[in-house]
$ cat final_36.txt   # compact mmCIF, C-alpha atoms
# COMPACT_ATOMS: atom_id res chain seq x y z
CA MET A 1 -82.96 -49.52 -150.48
CA LYS A 2 -80.99 -47.30 -148.11
CA ALA A 3 -79.42 -48.52 -144.89
CA THR A 4 -76.89 -47.38 -142.29
CA LEU A 5 -73.47 -49.04 -142.25
CA ILE A 6 -70.48 -48.66 -139.97
CA TYR A 7 -67.00 -48.82 -141.49
CA GLY A 8 -64.92 -47.80 -138.51
CA ALA A 9 -64.67 -45.48 -135.53
CA GLY A 10 -66.59 -42.31 -136.40
CA ASP A 11 -67.32 -43.63 -139.90
CA ILE A 12 -71.08 -44.08 -140.34
CA ARG A 13 -72.52 -44.03 -143.86
CA VAL A 14 -75.99 -44.32 -145.39
CA GLU A 15 -75.73 -46.36 -148.60
CA GLU A 16 -77.74 -48.39 -151.07
CA VAL A 17 -77.95 -52.08 -150.16
CA PRO A 18 -79.95 -54.98 -151.62
CA ASP A 19 -83.60 -55.16 -150.63
CA PRO A 20 -84.28 -57.84 -147.99
CA ALA A 21 -85.85 -61.10 -149.15
CA LEU A 22 -87.46 -64.04 -147.38
CA GLN A 23 -84.95 -66.78 -146.62
CA ASN A 24 -86.95 -69.04 -144.32
CA ALA A 25 -90.61 -69.92 -143.96
CA SER A 26 -90.68 -68.20 -140.54
CA ASP A 27 -89.39 -64.85 -141.90
CA ALA A 28 -91.19 -61.59 -142.50
CA ILE A 29 -90.14 -58.49 -144.38
CA VAL A 30 -90.82 -55.28 -142.47
CA ARG A 31 -90.75 -51.78 -143.94
CA ILE A 32 -89.26 -49.63 -141.17
CA THR A 33 -91.15 -46.49 -140.18
CA HIS A 34 -89.34 -45.56 -136.95
CA ALA A 35 -85.85 -46.44 -135.73
CA CYS A 36 -83.31 -44.93 -133.37
CA ILE A 37 -79.69 -44.83 -132.25
CA CYS A 38 -78.74 -46.70 -129.08
CA GLY A 39 -76.05 -45.86 -126.57
CA SER A 40 -74.57 -49.30 -127.24
CA ASP A 41 -74.18 -48.30 -130.91
CA LEU A 42 -71.69 -45.71 -129.69
CA TRP A 43 -69.22 -48.34 -128.49
CA PRO A 44 -68.28 -49.49 -132.01
CA TYR A 45 -68.65 -45.88 -133.16
CA LYS A 46 -65.86 -44.98 -130.73
CA SER A 47 -63.58 -47.96 -131.19
CA ARG A 48 -64.22 -50.12 -134.28
CA GLU A 49 -61.21 -50.77 -136.50
CA GLN A 50 -61.55 -49.42 -140.03
CA THR A 51 -62.70 -51.94 -142.65
CA GLU A 52 -63.16 -51.79 -146.40
CA GLN A 53 -66.66 -53.25 -146.18
CA GLY A 54 -69.22 -51.74 -143.84
CA ASP A 55 -71.61 -53.68 -141.62
CA ARG A 56 -75.27 -53.00 -141.03
CA ILE A 57 -76.06 -51.37 -137.70
CA GLY A 58 -79.07 -50.46 -135.57
CA HIS A 59 -81.36 -52.71 -133.54
CA GLU A 60 -84.50 -50.78 -132.52
CA PHE A 61 -87.38 -50.34 -134.94
CA ILE A 62 -91.08 -50.22 -135.66
CA GLY A 63 -92.46 -50.99 -139.10
CA VAL A 64 -95.18 -52.42 -141.32
CA VAL A 65 -95.17 -56.06 -142.40
CA GLU A 66 -94.90 -56.26 -146.18
CA GLU A 67 -94.37 -59.98 -146.79
CA THR A 68 -94.43 -63.17 -144.74
CA GLY A 69 -93.10 -66.69 -145.09
CA ALA A 70 -95.33 -69.73 -145.41
CA ASP A 71 -95.14 -70.64 -141.71
CA VAL A 72 -96.00 -67.15 -140.40
CA SER A 73 -99.56 -66.92 -139.11
CA ARG A 74 -99.72 -64.54 -136.14
CA VAL A 75 -98.63 -61.45 -138.06
CA GLN A 76 -99.70 -60.61 -141.58
CA LYS A 77 -99.17 -58.10 -144.32
CA GLY A 78 -100.16 -54.59 -143.25
CA ASP A 79 -99.63 -55.12 -139.50
CA LEU A 80 -97.78 -52.40 -137.63
CA VAL A 81 -95.20 -54.11 -135.42
CA VAL A 82 -92.37 -53.41 -133.01
CA ALA A 83 -89.29 -55.64 -133.07
CA PRO A 84 -87.21 -56.53 -129.99
CA PHE A 85 -83.52 -55.73 -130.34
CA PHE A 86 -82.74 -59.46 -130.02
CA TYR A 87 -84.92 -61.76 -132.09
CA ALA A 88 -85.58 -65.28 -130.79
CA ASP A 89 -87.37 -68.43 -131.88
CA GLY A 90 -89.90 -68.45 -129.04
CA THR A 91 -89.67 -72.22 -128.53
CA CYS A 92 -86.34 -73.04 -126.83
CA GLU A 93 -86.03 -73.60 -123.07
CA TYR A 94 -84.79 -70.04 -122.53
CA CYS A 95 -87.61 -68.46 -124.50
CA ARG A 96 -90.14 -70.55 -122.59
CA ALA A 97 -88.57 -69.29 -119.35
CA GLY A 98 -88.82 -65.66 -120.50
CA LEU A 99 -85.09 -65.21 -121.12
CA THR A 100 -85.41 -64.61 -124.85
CA SER A 101 -82.03 -62.87 -125.02
CA ALA A 102 -80.37 -66.24 -124.37
CA CYS A 103 -82.06 -68.02 -127.29
CA PRO A 104 -79.38 -70.08 -129.11
CA ASN A 105 -81.15 -69.45 -132.41
CA GLY A 106 -81.53 -65.72 -131.87
CA ASN A 107 -79.28 -62.75 -132.36
CA ALA A 108 -79.17 -58.97 -132.45
CA TRP A 109 -79.98 -57.06 -135.61
CA GLY A 110 -77.01 -56.33 -137.83
CA ALA A 111 -75.13 -59.44 -136.76
CA GLU A 112 -76.50 -62.14 -139.06
CA THR A 113 -79.38 -60.21 -140.60
CA ASP A 114 -80.33 -56.67 -141.54
CA GLY A 115 -79.70 -53.69 -139.29
CA GLY A 116 -82.53 -51.68 -137.84
CA GLN A 117 -81.38 -48.30 -139.19
CA GLY A 118 -82.60 -48.71 -142.73
CA GLU A 119 -85.67 -48.72 -144.92
CA ALA A 120 -86.55 -52.39 -144.40
CA ALA A 121 -85.40 -55.56 -142.66
CA ARG A 122 -85.87 -59.30 -142.81
CA VAL A 123 -87.19 -60.55 -139.47
CA PRO A 124 -86.43 -64.17 -138.51
CA PHE A 125 -89.00 -66.03 -136.36
CA ALA A 126 -91.53 -63.32 -137.15
CA ASP A 127 -94.42 -64.84 -135.21
CA ALA A 128 -92.36 -64.99 -132.02
CA SER A 129 -90.30 -61.84 -132.49
CA LEU A 130 -92.77 -59.20 -133.63
CA MET A 131 -95.42 -57.58 -131.43
CA LYS A 132 -98.43 -56.10 -133.19
CA LEU A 133 -99.41 -52.53 -132.36
CA ASP A 134 -103.06 -51.49 -132.52
CA VAL A 135 -102.39 -47.83 -133.27
CA ALA A 136 -102.13 -45.60 -136.30
CA GLN A 137 -98.71 -45.23 -137.87
CA ASP A 138 -98.73 -41.50 -137.10
CA SER A 139 -99.88 -41.92 -133.48
CA ALA A 140 -98.31 -39.65 -130.88
CA LEU A 141 -97.51 -42.85 -128.97
CA MET A 142 -94.95 -43.99 -131.54
CA PRO A 143 -91.81 -42.69 -129.74
CA SER A 144 -92.88 -44.41 -126.51
CA LEU A 145 -93.77 -47.61 -128.35
CA LEU A 146 -90.35 -47.57 -130.00
CA THR A 147 -88.67 -47.65 -126.57
CA LEU A 148 -90.19 -51.10 -126.01
CA SER A 149 -87.79 -52.43 -128.64
CA ASP A 150 -84.82 -51.93 -126.31
CA VAL A 151 -84.20 -48.91 -124.13
CA PHE A 152 -87.25 -48.98 -121.85
CA GLY A 153 -87.24 -52.76 -121.78
CA THR A 154 -83.60 -52.61 -120.71
CA GLY A 155 -84.33 -50.06 -117.98
CA HIS A 156 -87.14 -52.31 -116.78
CA HIS A 157 -84.83 -55.33 -116.79
CA ALA A 158 -82.35 -53.38 -114.67
CA ALA A 159 -85.03 -52.50 -112.12
CA VAL A 160 -86.37 -56.06 -111.97
CA SER A 161 -82.84 -57.46 -111.62
CA ALA A 162 -82.26 -55.05 -108.73
CA GLN A 163 -85.45 -56.29 -107.07
CA VAL A 164 -87.03 -52.84 -107.08
CA GLY A 165 -90.42 -52.82 -105.41
CA PRO A 166 -92.84 -50.79 -103.30
CA GLY A 167 -91.23 -48.78 -100.51
CA LYS A 168 -87.65 -49.42 -101.59
CA ASP A 169 -84.85 -46.88 -101.94
CA VAL A 170 -83.08 -47.01 -105.30
CA ALA A 171 -79.89 -45.50 -106.73
CA VAL A 172 -79.59 -45.24 -110.51
CA ILE A 173 -76.04 -44.69 -111.72
CA GLY A 174 -75.90 -43.14 -115.17
CA ASP A 175 -78.00 -40.44 -116.86
CA GLY A 176 -78.02 -41.87 -120.38
CA ALA A 177 -81.25 -43.02 -121.97
CA VAL A 178 -81.17 -46.41 -120.22
CA GLY A 179 -80.48 -44.87 -116.84
CA LEU A 180 -83.30 -42.37 -117.27
CA LEU A 181 -85.74 -45.09 -118.24
CA ALA A 182 -84.51 -47.22 -115.35
CA VAL A 183 -85.72 -44.34 -113.17
CA LEU A 184 -89.11 -44.53 -114.88
CA ALA A 185 -89.16 -48.31 -114.47
CA ALA A 186 -88.29 -48.03 -110.77
CA LYS A 187 -91.07 -45.50 -110.27
CA ARG A 188 -93.50 -47.77 -112.10
CA LEU A 189 -92.54 -50.66 -109.79
CA GLY A 190 -93.29 -48.60 -106.68
CA ALA A 191 -89.89 -47.35 -105.44
CA GLU A 192 -90.19 -44.80 -102.65
CA ARG A 193 -86.95 -42.84 -103.10
CA ILE A 194 -84.97 -42.78 -106.33
CA VAL A 195 -81.59 -41.06 -106.41
CA LEU A 196 -80.24 -40.46 -109.91
CA MET A 197 -76.47 -40.11 -110.18
CA GLY A 198 -75.74 -37.96 -113.23
CA ARG A 199 -74.07 -34.69 -114.08
CA HIS A 200 -75.91 -33.37 -117.15
CA LYS A 201 -78.75 -31.06 -116.12
CA ASP A 202 -80.92 -31.59 -119.20
CA ARG A 203 -80.82 -35.32 -118.51
CA THR A 204 -81.28 -35.19 -114.76
CA ASP A 205 -84.21 -32.77 -115.21
CA LEU A 206 -85.87 -35.43 -117.36
CA GLY A 207 -84.93 -37.97 -114.71
CA ARG A 208 -86.84 -35.93 -112.13
CA GLU A 209 -89.82 -35.86 -114.47
CA PHE A 210 -89.60 -39.66 -114.73
CA GLY A 211 -89.62 -40.04 -110.95
CA ALA A 212 -86.20 -39.31 -109.46
CA THR A 213 -86.65 -37.75 -106.03
CA ASP A 214 -83.03 -36.59 -105.78
CA VAL A 215 -80.02 -36.01 -108.02
CA VAL A 216 -76.32 -36.39 -107.18
CA SER A 217 -73.81 -35.04 -109.67
CA GLU A 218 -70.61 -36.17 -107.94
CA ARG A 219 -68.99 -39.51 -108.70
CA GLY A 220 -66.96 -41.98 -106.71
CA GLU A 221 -66.78 -41.93 -102.92
CA GLU A 222 -68.00 -38.35 -102.67
CA GLY A 223 -71.11 -39.13 -104.68
CA GLU A 224 -71.73 -42.32 -102.71
CA GLN A 225 -71.61 -40.40 -99.43
CA GLN A 226 -74.02 -37.80 -100.77
CA VAL A 227 -76.52 -40.55 -101.57
CA ARG A 228 -76.24 -41.86 -98.00
CA ASP A 229 -76.62 -38.36 -96.60
CA ILE A 230 -79.75 -37.71 -98.68
CA LEU A 231 -81.38 -40.95 -97.58
CA GLY A 232 -80.13 -40.82 -94.01
CA THR A 233 -79.25 -44.50 -94.19
CA ASP A 234 -76.24 -46.69 -94.96
CA GLY A 235 -77.33 -47.16 -98.56
CA VAL A 236 -80.09 -48.37 -100.85
CA HIS A 237 -82.07 -51.56 -101.18
CA SER A 238 -81.54 -51.57 -104.94
CA ALA A 239 -78.83 -50.06 -107.16
CA ILE A 240 -78.97 -49.90 -110.95
CA GLU A 241 -75.75 -49.65 -112.97
CA ALA A 242 -76.44 -48.25 -116.43
CA VAL A 243 -73.00 -47.15 -117.61
CA GLY A 244 -70.66 -50.13 -117.98
CA TYR A 245 -67.54 -48.72 -116.33
CA GLU A 246 -65.70 -50.23 -113.35
CA GLN A 247 -66.22 -47.08 -111.28
CA SER A 248 -69.99 -47.11 -111.75
CA LEU A 249 -70.32 -50.78 -110.79
CA THR A 250 -68.03 -50.22 -107.80
CA SER A 251 -70.30 -47.41 -106.64
CA ALA A 252 -73.39 -49.54 -107.16
CA ILE A 253 -72.00 -52.27 -104.91
CA ASN A 254 -70.74 -49.76 -102.33
CA LEU A 255 -74.14 -48.08 -102.15
CA THR A 256 -76.18 -51.26 -101.72
CA LYS A 257 -77.27 -52.23 -98.21
CA PRO A 258 -76.39 -55.67 -96.86
CA GLY A 259 -78.70 -58.18 -98.49
CA GLY A 260 -79.56 -55.75 -101.27
CA HIS A 261 -79.48 -56.13 -105.03
CA VAL A 262 -77.58 -54.58 -107.93
CA GLY A 263 -79.01 -54.66 -111.45
CA ILE A 264 -76.45 -54.18 -114.22
CA VAL A 265 -77.37 -53.34 -117.80
CA GLY A 266 -74.46 -51.10 -118.79
CA VAL A 267 -72.38 -52.96 -121.39
CA PRO A 268 -69.25 -53.96 -119.37
CA GLN A 269 -66.04 -52.42 -120.64
CA ASN A 270 -63.83 -54.97 -118.89
CA GLY A 271 -64.20 -58.60 -117.93
CA GLU A 272 -63.96 -58.34 -114.15
CA LEU A 273 -66.42 -57.81 -111.32
CA PRO A 274 -64.93 -55.03 -109.18
CA ASN A 275 -65.28 -54.63 -105.42
CA LEU A 276 -65.86 -58.34 -104.93
CA ALA A 277 -64.92 -58.22 -101.24
CA GLN A 278 -67.67 -55.67 -100.53
CA LYS A 279 -70.17 -57.79 -102.43
CA PHE A 280 -69.16 -60.85 -100.42
CA MET A 281 -69.12 -59.20 -97.01
CA LYS A 282 -72.52 -57.55 -97.49
CA ASN A 283 -74.25 -60.48 -99.21
CA VAL A 284 -75.09 -58.26 -102.15
CA THR A 285 -76.64 -59.95 -105.17
CA VAL A 286 -75.46 -58.74 -108.58
CA ALA A 287 -77.77 -59.64 -111.45
CA GLY A 288 -78.74 -58.38 -114.88
CA GLY A 289 -77.34 -58.53 -118.38
CA ILE A 290 -78.87 -58.48 -121.85
CA ALA A 291 -82.54 -57.59 -121.44
CA PRO A 292 -85.16 -60.07 -122.70
CA THR A 293 -87.20 -57.34 -124.34
CA GLN A 294 -89.03 -59.83 -126.56
CA ALA A 295 -90.64 -61.09 -123.34
CA ASN A 296 -91.02 -57.93 -121.27
CA MET A 297 -92.38 -55.60 -123.94
CA HIS A 298 -95.73 -57.35 -123.62
CA GLU A 299 -95.81 -56.45 -119.92
CA LEU A 300 -94.93 -52.81 -120.55
CA LEU A 301 -97.21 -52.23 -123.54
CA PRO A 302 -100.51 -51.64 -121.66
CA ASP A 303 -99.12 -48.78 -119.55
CA VAL A 304 -97.71 -47.11 -122.66
CA MET A 305 -100.97 -47.50 -124.55
CA ASP A 306 -102.94 -46.07 -121.62
CA GLY A 307 -100.61 -43.09 -121.37
CA LYS A 308 -99.69 -43.92 -117.77
CA ILE A 309 -96.02 -43.60 -118.71
CA GLU A 310 -94.27 -41.74 -121.54
CA PRO A 311 -90.84 -43.29 -122.05
CA GLY A 312 -90.69 -41.66 -125.51
CA LYS A 313 -89.77 -38.37 -123.84
CA VAL A 314 -86.22 -39.70 -123.84
CA PHE A 315 -86.00 -38.81 -127.55
CA ASP A 316 -84.84 -35.22 -127.87
CA ARG A 317 -83.94 -35.18 -131.57
CA THR A 318 -85.62 -36.57 -134.71
CA ILE A 319 -83.73 -36.97 -137.99
CA SER A 320 -84.13 -38.54 -141.41
CA LEU A 321 -82.28 -41.70 -142.39
CA ASP A 322 -79.83 -39.68 -144.49
CA GLU A 323 -78.92 -37.67 -141.38
CA THR A 324 -78.01 -40.75 -139.32
CA PRO A 325 -74.24 -40.04 -139.33
CA ASP A 326 -74.92 -36.66 -137.72
CA GLY A 327 -77.21 -38.36 -135.22
CA TYR A 328 -74.31 -40.54 -134.09
CA ARG A 329 -72.09 -37.49 -133.78
CA ALA A 330 -74.73 -35.64 -131.73
CA MET A 331 -75.14 -38.51 -129.28
CA ASP A 332 -71.39 -39.05 -129.00
CA ASP A 333 -70.89 -35.34 -128.30
CA ARG A 334 -73.76 -35.41 -125.76
CA GLU A 335 -75.76 -32.94 -127.76
CA ALA A 336 -78.64 -35.42 -127.75
CA ILE A 337 -79.85 -37.99 -125.24
CA LYS A 338 -81.37 -40.33 -127.81
CA VAL A 339 -82.02 -39.79 -131.50
CA LEU A 340 -85.13 -41.01 -133.34
CA VAL A 341 -84.68 -41.87 -137.02
CA LYS A 342 -87.55 -41.77 -139.51
CA PRO A 343 -86.57 -43.53 -142.76
$ encode --input "final_36.txt" --output "structure tokens"
Amino acid sequence: MKATLIYGAGDIRVEEVPDPALQNASDAIVRITHACICGSDLWPYKSREQTEQGDRIGHEFIGVVEETGADVSRVQKGDLVVAPFFYADGTCEYCRAGLTSACPNGNAWGAETDGGQGEAARVPFADASLMKLDVAQDSALMPSLLTLSDVFGTGHHAAVSAQVGPGKDVAVIGDGAVGLLAVLAAKRLGAERIVLMGRHKDRTDLGREFGATDVVSERGEEGEQQVRDILGTDGVHSAIEAVGYEQSLTSAINLTKPGGHVGIVGVPQNGELPNLAQKFMKNVTVAGGIAPTQANMHELLPDVMDGKIEPGKVFDRTISLDETPDGYRAMDDREAIKVLVKP
């Protein structure tokens, strides 16, 4: 079968790899029908050292179950399913608490198992990991359902971590796919004012459609002051950091009112928490991290199925599996917000 592999910075290839096979009684084999490229895939695309052997990549997919292990009972052959970007066993203390991304027996796709950008994948802990979808494979809902695998679930995790709720003012820093869907998540949770900090008009226009009441294109102190001026207050109740840079997290902490909350889901590009004195003096809570999408996709599914929200609008380009290298280039060059791949 064909699958996407990364060999080094800027070196993405679609090659023939062995077909997946059951290894454990809890496994399932899923034929992938819809996948996509994530902003976090761009980090190794920008920086990975060149290797002679490529590694599987991709972690968001929908597919059809083709085979199951002896212990799998909840899903069966023929089921259409969506997979969370981090599979988990569903039984450990963290899974039981809803923090499936901390499961010691789990992992992201492409690390110890198949990548999601391919024709098929072996799914560990299939009963716990896979969520069945009661729709046709060609349903118009498919792009939105695919976002439950990672990007919308991550935006939701950011909003929940930032304690977004009815009547609150929110700042979302970053106009990538996660930031845009954090806007949608904040709107869904009842935020009153949502200021999106981004500088790409095609993205911020979509952000307005998702619920942003205002847009600020400036960064740093100038952008922070503009947010305060728009709101007429000393900051926001909740700030969402969806970039991963020190400057964006600094702005998130600066913008948060005393006693407020910052939700971080941008993959950190250094190991330090900036602006710690401001956080301390204002009693700001910083929370967030790897989203437990295996848990929260069940909460988000009904609103997607009912058409109350359309997170799939974040996809602005659809390609075939063979075109995946160009999809990476397009996202890296900011020609596309998020690319959907149809194997």
$ atom_distance --input "final_36.txt" --atom1 "CA of Ala70 in chain A" --atom2 "CA of Phe125 in chain A"
11.6 Å
$ residues_around --input "final_36.txt" --residues "Val82 in chain A" --least-positions-apart "5" --cutoff "9 Å" --atoms "only C-alpha atoms" --output "mmCIF file with C-alpha atoms, in the frame of the given file"
data_model
loop_
_atom_site.group_PDB
_atom_site.id
_atom_site.type_symbol
_atom_site.label_atom_id
_atom_site.label_comp_id
_atom_site.auth_asym_id
_atom_site.auth_seq_id
_atom_site.Cartn_x
_atom_site.Cartn_y
_atom_site.Cartn_z
ATOM 1 C CA GLU A 60 -84.500 -50.780 -132.520
ATOM 2 C CA PHE A 61 -87.380 -50.340 -134.940
ATOM 3 C CA ILE A 62 -91.080 -50.220 -135.660
ATOM 4 C CA GLY A 63 -92.460 -50.990 -139.100
ATOM 5 C CA VAL A 64 -95.180 -52.420 -141.320
ATOM 6 C CA SER A 129 -90.300 -61.840 -132.490
ATOM 7 C CA LEU A 130 -92.770 -59.200 -133.630
ATOM 8 C CA MET A 131 -95.420 -57.580 -131.430
ATOM 9 C CA LYS A 132 -98.430 -56.100 -133.190
ATOM 10 C CA LEU A 133 -99.410 -52.530 -132.360
ATOM 11 C CA LEU A 145 -93.770 -47.610 -128.350
ATOM 12 C CA LEU A 146 -90.350 -47.570 -130.000
ATOM 13 C CA LEU A 148 -90.190 -51.100 -126.010
ATOM 14 C CA SER A 149 -87.790 -52.430 -128.640
#
$ closest_atom_pairs --input "final_36.txt" --of "range 174-235 of chain A" --to "range 284-299 of chain A" --cutoff "12 Å" --atoms "all atoms listed in the file" --output "CSV"
residue,atom,partner,partner_atom,distance
A:Val178,CA,A:Ala291,CA,11.3
A:Ala185,CA,A:Glu299,CA,11.8
A:Arg188,CA,A:Glu299,CA,11.9
A:Gly235,CA,A:Val284,CA,11.9
$ closest_residue --input "final_36.txt" --among "A:Cys92, A:Ile29, A:Ala128, A:Ala239" --to "Gly179 in chain A" --atoms "all atoms listed in the file"
A:Ala239
$ residues_around --input "final_36.txt" --residues "Thr204 in chain A" --least-positions-apart "2" --cutoff "12 Å" --atoms "only C-alpha atoms" --output "mmCIF file with C-alpha atoms, in the coordinates of the input"
data_model
loop_
_atom_site.group_PDB
_atom_site.id
_atom_site.type_symbol
_atom_site.label_atom_id
_atom_site.label_comp_id
_atom_site.auth_asym_id
_atom_site.auth_seq_id
_atom_site.Cartn_x
_atom_site.Cartn_y
_atom_site.Cartn_z
ATOM 1 C CA VAL A 172 -79.590 -45.240 -110.510
ATOM 2 C CA ILE A 173 -76.040 -44.690 -111.720
ATOM 3 C CA GLY A 174 -75.900 -43.140 -115.170
ATOM 4 C CA ASP A 175 -78.000 -40.440 -116.860
ATOM 5 C CA GLY A 176 -78.020 -41.870 -120.380
ATOM 6 C CA ALA A 177 -81.250 -43.020 -121.970
ATOM 7 C CA GLY A 179 -80.480 -44.870 -116.840
ATOM 8 C CA LEU A 180 -83.300 -42.370 -117.270
ATOM 9 C CA LEU A 181 -85.740 -45.090 -118.240
ATOM 10 C CA VAL A 183 -85.720 -44.340 -113.170
ATOM 11 C CA ILE A 194 -84.970 -42.780 -106.330
ATOM 12 C CA VAL A 195 -81.590 -41.060 -106.410
ATOM 13 C CA LEU A 196 -80.240 -40.460 -109.910
ATOM 14 C CA MET A 197 -76.470 -40.110 -110.180
ATOM 15 C CA GLY A 198 -75.740 -37.960 -113.230
ATOM 16 C CA ARG A 199 -74.070 -34.690 -114.080
ATOM 17 C CA HIS A 200 -75.910 -33.370 -117.150
ATOM 18 C CA LYS A 201 -78.750 -31.060 -116.120
ATOM 19 C CA ASP A 202 -80.920 -31.590 -119.200
ATOM 20 C CA LEU A 206 -85.870 -35.430 -117.360
ATOM 21 C CA GLY A 207 -84.930 -37.970 -114.710
ATOM 22 C CA ARG A 208 -86.840 -35.930 -112.130
ATOM 23 C CA GLU A 209 -89.820 -35.860 -114.470
ATOM 24 C CA PHE A 210 -89.600 -39.660 -114.730
ATOM 25 C CA GLY A 211 -89.620 -40.040 -110.950
ATOM 26 C CA ALA A 212 -86.200 -39.310 -109.460
ATOM 27 C CA THR A 213 -86.650 -37.750 -106.030
ATOM 28 C CA ASP A 214 -83.030 -36.590 -105.780
ATOM 29 C CA VAL A 215 -80.020 -36.010 -108.020
ATOM 30 C CA VAL A 216 -76.320 -36.390 -107.180
ATOM 31 C CA SER A 217 -73.810 -35.040 -109.670
ATOM 32 C CA VAL A 314 -86.220 -39.700 -123.840
ATOM 33 C CA ILE A 337 -79.850 -37.990 -125.240
#
$ atom_distance --input "final_36.txt" --atom1 "CA of Asn254 in chain A" --atom2 "CA of Val160 in chain A"
19.4 Å
$ atom_distance --input "final_36.txt" --atom1 "CA of Asp27 in chain A" --atom2 "CA of Gly69 in chain A"
5.2 Å
$ residues_near_point --input "final_36.txt" --point "(-75.0, -49.8, -119.5)" --cutoff "10 Å" --atoms "only C-alpha atoms" --output "PyMOL selection string"
chain A and resi 39-40+154-155+158+173-174+176-179+240-245+248-249+264-269+289-290
$ residues_near_point --input "final_36.txt" --point "(-78.4, -55.2, -104.7)" --cutoff "10 Å" --atoms "all atoms listed in the file" --output "count of residues only"
30
$ closest_residue --input "final_36.txt" --among "A:Gly106, A:Gly223, A:Gly54, A:Pro20" --to "Arg122 in chain A" --atoms "all atoms listed in the file"
A:Pro20
$ build_atoms --input "final_36.txt" --residues "range 4-9 of chain A" --atoms "all heavy atoms" --output "PDB file, in the coordinates of the input"
ATOM      1  N   THR A   4     -78.057 -47.921-142.993  1.00  0.00           N
ATOM      2  CA  THR A   4     -76.890 -47.380-142.290  1.00  0.00           C
ATOM      3  C   THR A   4     -75.847 -48.464-142.118  1.00  0.00           C
ATOM      4  O   THR A   4     -76.160 -49.583-141.710  1.00  0.00           O
ATOM      5  CB  THR A   4     -77.308 -46.834-140.916  1.00  0.00           C
ATOM      6  OG1 THR A   4     -78.343 -45.867-141.088  1.00  0.00           O
ATOM      7  CG2 THR A   4     -76.131 -46.193-140.207  1.00  0.00           C
ATOM      8  N   LEU A   5     -74.586 -48.124-142.422  1.00  0.00           N
ATOM      9  CA  LEU A   5     -73.470 -49.040-142.250  1.00  0.00           C
ATOM     10  C   LEU A   5     -72.372 -48.362-141.452  1.00  0.00           C
ATOM     11  O   LEU A   5     -72.186 -47.147-141.540  1.00  0.00           O
ATOM     12  CB  LEU A   5     -72.906 -49.507-143.591  1.00  0.00           C
ATOM     13  CG  LEU A   5     -73.822 -50.368-144.467  1.00  0.00           C
ATOM     14  CD1 LEU A   5     -74.660 -49.502-145.399  1.00  0.00           C
ATOM     15  CD2 LEU A   5     -73.001 -51.381-145.256  1.00  0.00           C
ATOM     16  N   ILE A   6     -71.638 -49.168-140.692  1.00  0.00           N
ATOM     17  CA  ILE A   6     -70.480 -48.660-139.970  1.00  0.00           C
ATOM     18  C   ILE A   6     -69.228 -49.270-140.586  1.00  0.00           C
ATOM     19  O   ILE A   6     -69.140 -50.478-140.813  1.00  0.00           O
ATOM     20  CB  ILE A   6     -70.574 -48.975-138.456  1.00  0.00           C
ATOM     21  CG1 ILE A   6     -69.358 -48.386-137.724  1.00  0.00           C
ATOM     22  CG2 ILE A   6     -70.745 -50.464-138.177  1.00  0.00           C
ATOM     23  CD1 ILE A   6     -69.491 -48.377-136.211  1.00  0.00           C
ATOM     24  N   TYR A   7     -68.262 -48.396-140.888  1.00  0.00           N
ATOM     25  CA  TYR A   7     -67.000 -48.820-141.490  1.00  0.00           C
ATOM     26  C   TYR A   7     -65.844 -48.766-140.504  1.00  0.00           C
ATOM     27  O   TYR A   7     -64.832 -49.436-140.683  1.00  0.00           O
ATOM     28  CB  TYR A   7     -66.677 -47.934-142.690  1.00  0.00           C
ATOM     29  CG  TYR A   7     -67.443 -48.288-143.939  1.00  0.00           C
ATOM     30  CD1 TYR A   7     -68.742 -47.831-144.121  1.00  0.00           C
ATOM     31  CD2 TYR A   7     -66.879 -49.068-144.930  1.00  0.00           C
ATOM     32  CE1 TYR A   7     -69.457 -48.155-145.271  1.00  0.00           C
ATOM     33  CE2 TYR A   7     -67.582 -49.392-146.087  1.00  0.00           C
ATOM     34  CZ  TYR A   7     -68.870 -48.937-146.245  1.00  0.00           C
ATOM     35  OH  TYR A   7     -69.568 -49.255-147.386  1.00  0.00           O
ATOM     36  N   GLY A   8     -65.988 -47.958-139.472  1.00  0.00           N
ATOM     37  CA  GLY A   8     -64.920 -47.800-138.510  1.00  0.00           C
ATOM     38  C   GLY A   8     -65.308 -46.753-137.490  1.00  0.00           C
ATOM     39  O   GLY A   8     -66.413 -46.190-137.531  1.00  0.00           O
ATOM     40  N   ALA A   9     -64.401 -46.475-136.562  1.00  0.00           N
ATOM     41  CA  ALA A   9     -64.670 -45.480-135.530  1.00  0.00           C
ATOM     42  C   ALA A   9     -64.985 -44.133-136.175  1.00  0.00           C
ATOM     43  O   ALA A   9     -64.212 -43.614-136.984  1.00  0.00           O
ATOM     44  CB  ALA A   9     -63.470 -45.344-134.604  1.00  0.00           C
TER      45      ALA A   9
END
